[in-house]
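Source file: protein10.pdb (PDB, C-alpha atoms, pLDDT in the B column)
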```pdb
ATOM      1  CA  MET A 180     -14.116 -17.965 -10.179  1.00 85.00           C
ATOM      2  CA  SER A 181     -12.301 -14.684 -10.803  1.00 95.00           C
ATOM      3  CA  LEU A 182     -10.375 -13.001  -7.984  1.00 96.00           C
ATOM      4  CA  THR A 183      -8.770  -9.596  -8.520  1.00 97.00           C
ATOM      5  CA  VAL A 184      -7.233  -6.967  -6.248  1.00 98.00           C
ATOM      6  CA  ARG A 185      -7.141  -3.245  -6.873  1.00 98.00           C
ATOM      7  CA  LEU A 186      -6.248  -0.078  -5.010  1.00 98.00           C
ATOM      8  CA  ALA A 187      -9.122   1.353  -2.982  1.00 98.00           C
ATOM      9  CA  GLY A 188     -10.002   4.873  -1.948  1.00 97.00           C
ATOM     10  CA  PRO A 189     -12.615   6.940  -0.137  1.00 97.00           C
ATOM     11  CA  ALA A 190     -15.356   5.906  -2.589  1.00 98.00           C
ATOM     12  CA  ASP A 191     -14.843   2.269  -1.501  1.00 98.00           C
ATOM     13  CA  LEU A 192     -15.322   3.013   2.193  1.00 97.00           C
ATOM     14  CA  PRO A 193     -19.050   2.106   2.339  1.00 97.00           C
ATOM     15  CA  VAL A 194     -18.275  -1.318   0.848  1.00 97.00           C
ATOM     16  CA  ALA A 195     -15.477  -1.910   3.366  1.00 97.00           C
ATOM     17  CA  LEU A 196     -17.656  -0.832   6.283  1.00 97.00           C
ATOM     18  CA  ALA A 197     -20.431  -3.165   5.135  1.00 96.00           C
ATOM     19  CA  MET A 198     -18.140  -6.206   5.162  1.00 96.00           C
ATOM     20  CA  ASP A 199     -16.288  -5.411   8.407  1.00 96.00           C
ATOM     21  CA  GLU A 200     -18.329  -6.843  11.272  1.00 92.00           C
ATOM     22  CA  VAL A 201     -16.229  -4.985  13.860  1.00 94.00           C
ATOM     23  CA  ALA A 202     -16.767  -1.562  12.258  1.00 94.00           C
ATOM     24  CA  ALA A 203     -20.536  -2.052  12.552  1.00 89.00           C
ATOM     25  CA  ARG A 204     -20.315  -2.087  16.359  1.00 94.00           C
ATOM     26  CA  ASP A 205     -17.105  -0.169  17.093  1.00 95.00           C
ATOM     27  CA  ALA A 206     -17.010   3.590  16.447  1.00 96.00           C
ATOM     28  CA  HIS A 207     -13.221   3.686  16.797  1.00 96.00           C
ATOM     29  CA  ARG A 208     -12.769   1.066  14.041  1.00 96.00           C
ATOM     30  CA  HIS A 209     -15.305   2.897  11.835  1.00 97.00           C
ATOM     31  CA  ASP A 210     -13.411   6.179  12.233  1.00 97.00           C
ATOM     32  CA  TRP A 211     -10.041   4.489  11.697  1.00 97.00           C
ATOM     33  CA  LEU A 212     -11.251   2.896   8.446  1.00 97.00           C
ATOM     34  CA  THR A 213     -12.582   6.259   7.274  1.00 97.00           C
ATOM     35  CA  ARG A 214      -9.156   7.805   7.779  1.00 97.00           C
ATOM     36  CA  ALA A 215      -7.307   4.793   6.341  1.00 98.00           C
ATOM     37  CA  PHE A 216      -9.354   4.746   3.124  1.00 98.00           C
ATOM     38  CA  ALA A 217      -8.620   8.474   2.785  1.00 97.00           C
ATOM     39  CA  GLY A 218      -4.888   7.652   2.881  1.00 97.00           C
ATOM     40  CA  GLU A 219      -4.173   9.236   6.264  1.00 96.00           C
ATOM     41  CA  LYS A 220      -0.586   8.736   7.466  1.00 95.00           C
ATOM     42  CA  GLY A 221       0.326   7.205   4.107  1.00 96.00           C
ATOM     43  CA  ARG A 222      -1.978   4.220   4.517  1.00 98.00           C
ATOM     44  CA  VAL A 223      -2.905   2.335   1.362  1.00 98.00           C
ATOM     45  CA  ALA A 224      -6.125   0.337   1.027  1.00 98.00           C
ATOM     46  CA  ARG A 225      -6.746  -2.481  -1.425  1.00 98.00           C
ATOM     47  CA  LEU A 226     -10.044  -4.106  -2.336  1.00 98.00           C
ATOM     48  CA  ALA A 227     -10.456  -7.739  -3.421  1.00 98.00           C
ATOM     49  CA  LEU A 228     -13.200  -8.580  -5.913  1.00 98.00           C
ATOM     50  CA  LEU A 229     -14.560 -12.098  -6.285  1.00 97.00           C
ATOM     51  CA  ASP A 230     -16.376 -12.464  -9.610  1.00 96.00           C
ATOM     52  CA  GLY A 231     -16.589  -8.663  -9.704  1.00 95.00           C
ATOM     53  CA  GLU A 232     -18.145  -8.324  -6.233  1.00 96.00           C
ATOM     54  CA  PRO A 233     -16.336  -6.865  -3.199  1.00 97.00           C
ATOM     55  CA  ALA A 234     -15.038  -9.750  -1.086  1.00 98.00           C
ATOM     56  CA  GLY A 235     -12.355  -8.305   1.171  1.00 98.00           C
ATOM     57  CA  PHE A 236      -9.939  -5.505   1.808  1.00 98.00           C
ATOM     58  CA  ALA A 237      -6.554  -4.783   3.317  1.00 98.00           C
ATOM     59  CA  VAL A 238      -4.976  -1.663   4.760  1.00 98.00           C
ATOM     60  CA  MET A 239      -1.213  -1.168   4.748  1.00 98.00           C
ATOM     61  CA  GLY A 240       0.607   1.139   7.096  1.00 98.00           C
ATOM     62  CA  GLU A 241       4.093   1.419   8.519  1.00 96.00           C
ATOM     63  CA  PHE A 242       5.892  -0.149  11.487  1.00 94.00           C
ATOM     64  CA  PHE A 243       9.357   1.204  12.394  1.00 95.00           C
ATOM     65  CA  SER A 244       9.739   2.412   8.773  1.00 95.00           C
ATOM     66  CA  ASN A 245       8.764  -1.021   7.392  1.00 97.00           C
ATOM     67  CA  PRO A 246       5.541  -1.964   5.607  1.00 98.00           C
ATOM     68  CA  PHE A 247       2.939  -3.294   8.026  1.00 98.00           C
ATOM     69  CA  LEU A 248      -0.371  -4.963   7.250  1.00 98.00           C
ATOM     70  CA  ASP A 249      -2.649  -2.999   9.566  1.00 97.00           C
ATOM     71  CA  LEU A 250      -5.793  -4.920   8.751  1.00 97.00           C
ATOM     72  CA  ILE A 251      -7.122  -7.599   6.440  1.00 97.00           C
ATOM     73  CA  VAL A 252     -10.825  -8.446   6.291  1.00 97.00           C
ATOM     74  CA  THR A 253     -12.715 -11.012   4.255  1.00 96.00           C
ATOM     75  CA  ALA A 254     -16.469 -10.639   3.825  1.00 96.00           C
ATOM     76  CA  PRO A 255     -18.274 -13.401   5.737  1.00 94.00           C
ATOM     77  CA  ALA A 256     -19.828 -14.861   2.561  1.00 93.00           C
ATOM     78  CA  ALA A 257     -16.425 -15.008   0.828  1.00 95.00           C
ATOM     79  CA  ARG A 258     -14.373 -16.710   3.533  1.00 93.00           C
ATOM     80  CA  ARG A 259     -12.234 -19.756   2.709  1.00 92.00           C
ATOM     81  CA  ARG A 260     -12.219 -18.833  -0.993  1.00 95.00           C
ATOM     82  CA  GLY A 261      -8.708 -17.384  -1.300  1.00 95.00           C
ATOM     83  CA  VAL A 262      -9.558 -13.719  -0.731  1.00 97.00           C
ATOM     84  CA  ALA A 263      -7.021 -13.076   2.048  1.00 96.00           C
ATOM     85  CA  ALA A 264      -4.391 -15.018   0.098  1.00 95.00           C
ATOM     86  CA  ALA A 265      -5.007 -12.869  -2.991  1.00 97.00           C
ATOM     87  CA  LEU A 266      -4.699  -9.675  -0.959  1.00 98.00           C
ATOM     88  CA  LEU A 267      -1.466 -10.946   0.625  1.00 97.00           C
ATOM     89  CA  THR A 268      -0.073 -11.935  -2.763  1.00 97.00           C
ATOM     90  CA  GLU A 269      -0.556  -8.394  -4.070  1.00 98.00           C
ATOM     91  CA  ILE A 270       0.884  -6.822  -0.912  1.00 98.00           C
ATOM     92  CA  GLU A 271       3.890  -9.162  -1.020  1.00 97.00           C
ATOM     93  CA  ARG A 272       4.438  -8.302  -4.689  1.00 96.00           C
ATOM     94  CA  VAL A 273       4.417  -4.565  -3.994  1.00 96.00           C
ATOM     95  CA  HIS A 274       6.762  -4.929  -1.002  1.00 96.00           C
ATOM     96  CA  ALA A 275       8.954  -7.781  -2.307  1.00 94.00           C
ATOM     97  CA  GLY A 276      12.249  -6.052  -1.518  1.00 93.00           C
ATOM     98  CA  GLN A 277      11.304  -5.122   2.048  1.00 96.00           C
ATOM     99  CA  LYS A 278      10.653  -6.785   5.366  1.00 96.00           C
ATOM    100  CA  LEU A 279       6.878  -7.076   5.637  1.00 97.00           C
ATOM    101  CA  PHE A 280       5.300  -7.151   9.090  1.00 98.00           C
ATOM    102  CA  VAL A 281       1.834  -8.369  10.052  1.00 98.00           C
ATOM    103  CA  SER A 282       0.099  -9.210  13.300  1.00 97.00           C
ATOM    104  CA  THR A 283      -2.879 -11.266  14.369  1.00 97.00           C
ATOM    105  CA  ASN A 284      -4.502 -12.331  17.584  1.00 97.00           C
ATOM    106  CA  VAL A 285      -3.577 -15.631  19.238  1.00 97.00           C
ATOM    107  CA  SER A 286      -7.209 -16.665  18.687  1.00 97.00           C
ATOM    108  CA  ASN A 287      -6.965 -16.184  14.896  1.00 96.00           C
ATOM    109  CA  THR A 288      -5.494 -19.564  14.037  1.00 96.00           C
ATOM    110  CA  ILE A 289      -6.682 -19.335  10.414  1.00 93.00           C
ATOM    111  CA  MET A 290      -4.524 -16.242   9.797  1.00 95.00           C
ATOM    112  CA  GLN A 291      -1.607 -17.805  11.634  1.00 96.00           C
ATOM    113  CA  GLY A 292      -1.835 -20.839   9.350  1.00 95.00           C
ATOM    114  CA  LEU A 293      -1.958 -18.659   6.242  1.00 94.00           C
ATOM    115  CA  LEU A 294       1.111 -16.724   7.367  1.00 96.00           C
ATOM    116  CA  SER A 295       3.024 -19.892   8.220  1.00 96.00           C
ATOM    117  CA  CYS A 296       2.303 -21.417   4.796  1.00 94.00           C
ATOM    118  CA  ARG A 297       3.591 -18.242   3.145  1.00 95.00           C
ATOM    119  CA  GLY A 298       6.933 -18.221   4.954  1.00 94.00           C
ATOM    120  CA  TYR A 299       6.256 -15.603   7.625  1.00 97.00           C
ATOM    121  CA  LEU A 300       8.372 -15.958  10.751  1.00 97.00           C
ATOM    122  CA  PRO A 301       7.318 -15.258  14.348  1.00 97.00           C
ATOM    123  CA  SER A 302       8.597 -11.858  15.440  1.00 96.00           C
ATOM    124  CA  GLY A 303       7.158 -11.245  18.903  1.00 97.00           C
ATOM    125  CA  GLN A 304       4.038 -10.827  20.985  1.00 97.00           C
ATOM    126  CA  VAL A 305       2.249  -7.871  22.564  1.00 97.00           C
ATOM    127  CA  GLU A 306      -0.052  -8.218  25.524  1.00 96.00           C
ATOM    128  CA  ASN A 307      -3.022  -6.049  26.527  1.00 94.00           C
ATOM    129  CA  LEU A 308      -4.251  -4.853  23.129  1.00 92.00           C
ATOM    130  CA  ASP A 309      -7.269  -7.150  23.267  1.00 91.00           C
ATOM    131  CA  PRO A 310      -7.936  -8.439  26.795  1.00 92.00           C
ATOM    132  CA  GLY A 311      -7.053 -12.115  27.061  1.00 95.00           C
ATOM    133  CA  ASP A 312      -6.055 -12.395  23.375  1.00 97.00           C
ATOM    134  CA  PRO A 313      -2.400 -11.398  22.797  1.00 97.00           C
ATOM    135  CA  GLU A 314      -1.246 -10.030  19.452  1.00 97.00           C
ATOM    136  CA  LEU A 315       1.337 -12.138  17.610  1.00 98.00           C
ATOM    137  CA  PHE A 316       3.695 -10.372  15.203  1.00 98.00           C
ATOM    138  CA  PHE A 317       5.211 -11.966  12.113  1.00 98.00           C
ATOM    139  CA  VAL A 318       7.707 -10.853   9.497  1.00 98.00           C
ATOM    140  CA  ARG A 319       8.286 -11.924   5.936  1.00 96.00           C
ATOM    141  CA  PRO A 320      11.918 -11.359   4.971  1.00 93.00           C
ATOM    142  CA  PRO A 321      12.598  -9.545   1.712  1.00 91.00           C
ATOM    143  CA  ALA A 322      12.529 -11.661  -1.425  1.00 74.00           C
ATOM    144  CA  LEU A 323      16.033 -12.329  -2.674  1.00 54.00           C
TER     145      LEU A 323
END
```

Show me, as structure tokens, the structure contained in the file I just sent.
Amino acid sequence: MSLTVRLAGPADLPVALAMDEVAARDAHRHDWLTRAFAGEKGRVARLALLDGEPAGFAVMGEFFSNPFLDLIVTAPAARRRGVAAALLTEIERVHAGQKLFVSTNVSNTIMQGLLSCRGYLPSGQVENLDPGDPELFFVRPPAL
């Protein structure tokens, strides 16, 4: 099994849209991804390839002048195969000297477990983004 991560751009948008189940039913998410893959507001997209096939993507933005993982998605057929971990590894490498923020819903216990194993620390909670499913924020301190 070969897992690689590379920068993504507008040409990769159709692949990202095809693997994001939310974008298929949510026009706002579809439009946001279109802008993110075009680099709007300084966002940077990365694409993970599993044995040369698209398997996931991540979009980085900014949160109070710190790097923030806006979104990470693994294709349904590629889940539990290290795709999200590979994307995080690359993002952590690029932002090693900075505080790195990420958030996930309370219901996403798989992502919470991944973040915990990688040394992320709880950093707060926001209510009312998704009804009945608060958003948990985490930070990874800069590498020393």

Taking all atoms listed in the file into account, produce a table as JSON lines in which each residue of stretch 185-222 of chain A with an atom at most 12 Å from an atom of stretch 232-238 of chain A appears once, together with its shortest atom pair and the distance in Å to one decimal, ordered by chain and rising number.
```
{"residue": "A:Arg185", "atom": "CA", "partner": "A:Phe236", "partner_atom": "CA", "distance": 9.4}
{"residue": "A:Leu186", "atom": "CA", "partner": "A:Phe236", "partner_atom": "CA", "distance": 9.5}
{"residue": "A:Ala187", "atom": "CA", "partner": "A:Phe236", "partner_atom": "CA", "distance": 8.4}
{"residue": "A:Gly188", "atom": "CA", "partner": "A:Val238", "partner_atom": "CA", "distance": 10.6}
{"residue": "A:Asp191", "atom": "CA", "partner": "A:Pro233", "partner_atom": "CA", "distance": 9.4}
{"residue": "A:Leu192", "atom": "CA", "partner": "A:Phe236", "partner_atom": "CA", "distance": 10.1}
{"residue": "A:Pro193", "atom": "CA", "partner": "A:Pro233", "partner_atom": "CA", "distance": 10.9}
{"residue": "A:Val194", "atom": "CA", "partner": "A:Pro233", "partner_atom": "CA", "distance": 7.1}
{"residue": "A:Ala195", "atom": "CA", "partner": "A:Phe236", "partner_atom": "CA", "distance": 6.8}
{"residue": "A:Leu196", "atom": "CA", "partner": "A:Phe236", "partner_atom": "CA", "distance": 10.1}
{"residue": "A:Ala197", "atom": "CA", "partner": "A:Pro233", "partner_atom": "CA", "distance": 10.0}
{"residue": "A:Met198", "atom": "CA", "partner": "A:Gly235", "partner_atom": "CA", "distance": 7.3}
{"residue": "A:Asp199", "atom": "CA", "partner": "A:Gly235", "partner_atom": "CA", "distance": 8.7}
{"residue": "A:Glu200", "atom": "CA", "partner": "A:Gly235", "partner_atom": "CA", "distance": 11.8}
{"residue": "A:Trp211", "atom": "CA", "partner": "A:Val238", "partner_atom": "CA", "distance": 10.6}
{"residue": "A:Leu212", "atom": "CA", "partner": "A:Val238", "partner_atom": "CA", "distance": 8.6}
{"residue": "A:Thr213", "atom": "CA", "partner": "A:Val238", "partner_atom": "CA", "distance": 11.3}
{"residue": "A:Arg214", "atom": "CA", "partner": "A:Val238", "partner_atom": "CA", "distance": 10.8}
{"residue": "A:Ala215", "atom": "CA", "partner": "A:Val238", "partner_atom": "CA", "distance": 7.0}
{"residue": "A:Phe216", "atom": "CA", "partner": "A:Val238", "partner_atom": "CA", "distance": 7.9}
{"residue": "A:Ala217", "atom": "CA", "partner": "A:Val238", "partner_atom": "CA", "distance": 11.0}
{"residue": "A:Gly218", "atom": "CA", "partner": "A:Val238", "partner_atom": "CA", "distance": 9.5}
{"residue": "A:Glu219", "atom": "CA", "partner": "A:Val238", "partner_atom": "CA", "distance": 11.0}
{"residue": "A:Lys220", "atom": "CA", "partner": "A:Val238", "partner_atom": "CA", "distance": 11.6}
{"residue": "A:Gly221", "atom": "CA", "partner": "A:Val238", "partner_atom": "CA", "distance": 10.4}
{"residue": "A:Arg222", "atom": "CA", "partner": "A:Val238", "partner_atom": "CA", "distance": 6.6}
```

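With all atoms listed in the file as the basis for measurement, A:Leu226 is the residue among A:Leu226, A:Arg208, A:Ser244, A:Thr283 that approaches A:Glu269 most closely.
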
For A:Ala224, the nearest of the candidates A:Leu182, A:Met239, A:Val273, A:Ala203, counting only C-alpha atoms: A:Met239

Would you compute an axis-aligned box for stretch 246-249 of chain A, covering every atom listed for it in the file with 6 Å of margin on each side, and report centre and edge lengths in Å to one decimal as lines of an AutoDock Vina configuration file?
```
center_x = 1.4
center_y = -3.5
center_z = 7.6
size_x = 20.2
size_y = 15.0
size_z = 16.0
```

Run the PyMOL selection byres ((chain A and resi 285-301) around 6) against the file shown and list the residues it catches, as an mmCIF file with C-alpha atoms, keeping the file's coordinate frame.
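Saved the output as result_24.cif:
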```cif
data_model
loop_
_atom_site.group_PDB
_atom_site.id
_atom_site.type_symbol
_atom_site.label_atom_id
_atom_site.label_comp_id
_atom_site.auth_asym_id
_atom_site.auth_seq_id
_atom_site.Cartn_x
_atom_site.Cartn_y
_atom_site.Cartn_z
ATOM 1 C CA ASN A 284 -4.502 -12.331 17.584
ATOM 2 C CA SER A 302 8.597 -11.858 15.440
ATOM 3 C CA ASP A 312 -6.055 -12.395 23.375
ATOM 4 C CA PRO A 313 -2.400 -11.398 22.797
ATOM 5 C CA PHE A 317 5.211 -11.966 12.113
ATOM 6 C CA VAL A 318 7.707 -10.853 9.497
ATOM 7 C CA ARG A 319 8.286 -11.924 5.936
#
```

Residues matched by the PyMOL selection byres ((chain A and resi 257-260) around 8), written as a PyMOL selection string: chain A and resi 229+234-235+253-256+261-262

Best match for closeness to A:Leu248 among A:Glu271, A:Asp210, A:Glu314, A:Glu306, counting only C-alpha atoms: A:Glu271

Residues selected by the PyMOL selection byres ((chain A and resi 276) around 6), written as a list in words: His274, Ala275, Gln277, Pro321 and Ala322 of chain A

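Taking atom CA of A:Phe280 and atom CA of A:Ile251 as the two end points, the separation is 12.7 Å.
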
Atom CA of A:Arg225 to atom CA of A:Ile270, straight-line distance in Å: 8.8 Å

Neighbouring residues of A:Asn245 were defined as those with any atom within 7 Å, considering only C-alpha atoms; residues of the same chain fewer than 3 positions away were excluded. Please report them as a short mmCIF file (atom, residue, chain, number, x, y, z; two decimals) with C-alpha atoms, in the coordinates of the input.
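Once written, selection_4.cif looks like this:
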```
data_model
loop_
_atom_site.label_atom_id
_atom_site.label_comp_id
_atom_site.auth_asym_id
_atom_site.auth_seq_id
_atom_site.Cartn_x
_atom_site.Cartn_y
_atom_site.Cartn_z
CA GLU A 241 4.09 1.42 8.52
CA PHE A 242 5.89 -0.15 11.49
CA LYS A 278 10.65 -6.78 5.37
CA LEU A 279 6.88 -7.08 5.64
#
```

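Among the candidates A:Leu267, A:Val201, A:Val281, A:Leu250, the one nearest to A:Gly303 when counting only C-alpha atoms is A:Val281.
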
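Atom CA of A:Ala264 is positioned 27.9 Å from atom CA of A:Asn307.
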
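Closest approach to A:Asp230 among A:Ala202, A:Ala190, A:Ala263, A:Val184: A:Val184, based on only C-alpha atoms.
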
Nearest to A:Thr268 by atom-to-atom distance, counting all atoms listed in the file, from A:Ser181, A:Leu315, A:Ala227, A:Val252: A:Ala227
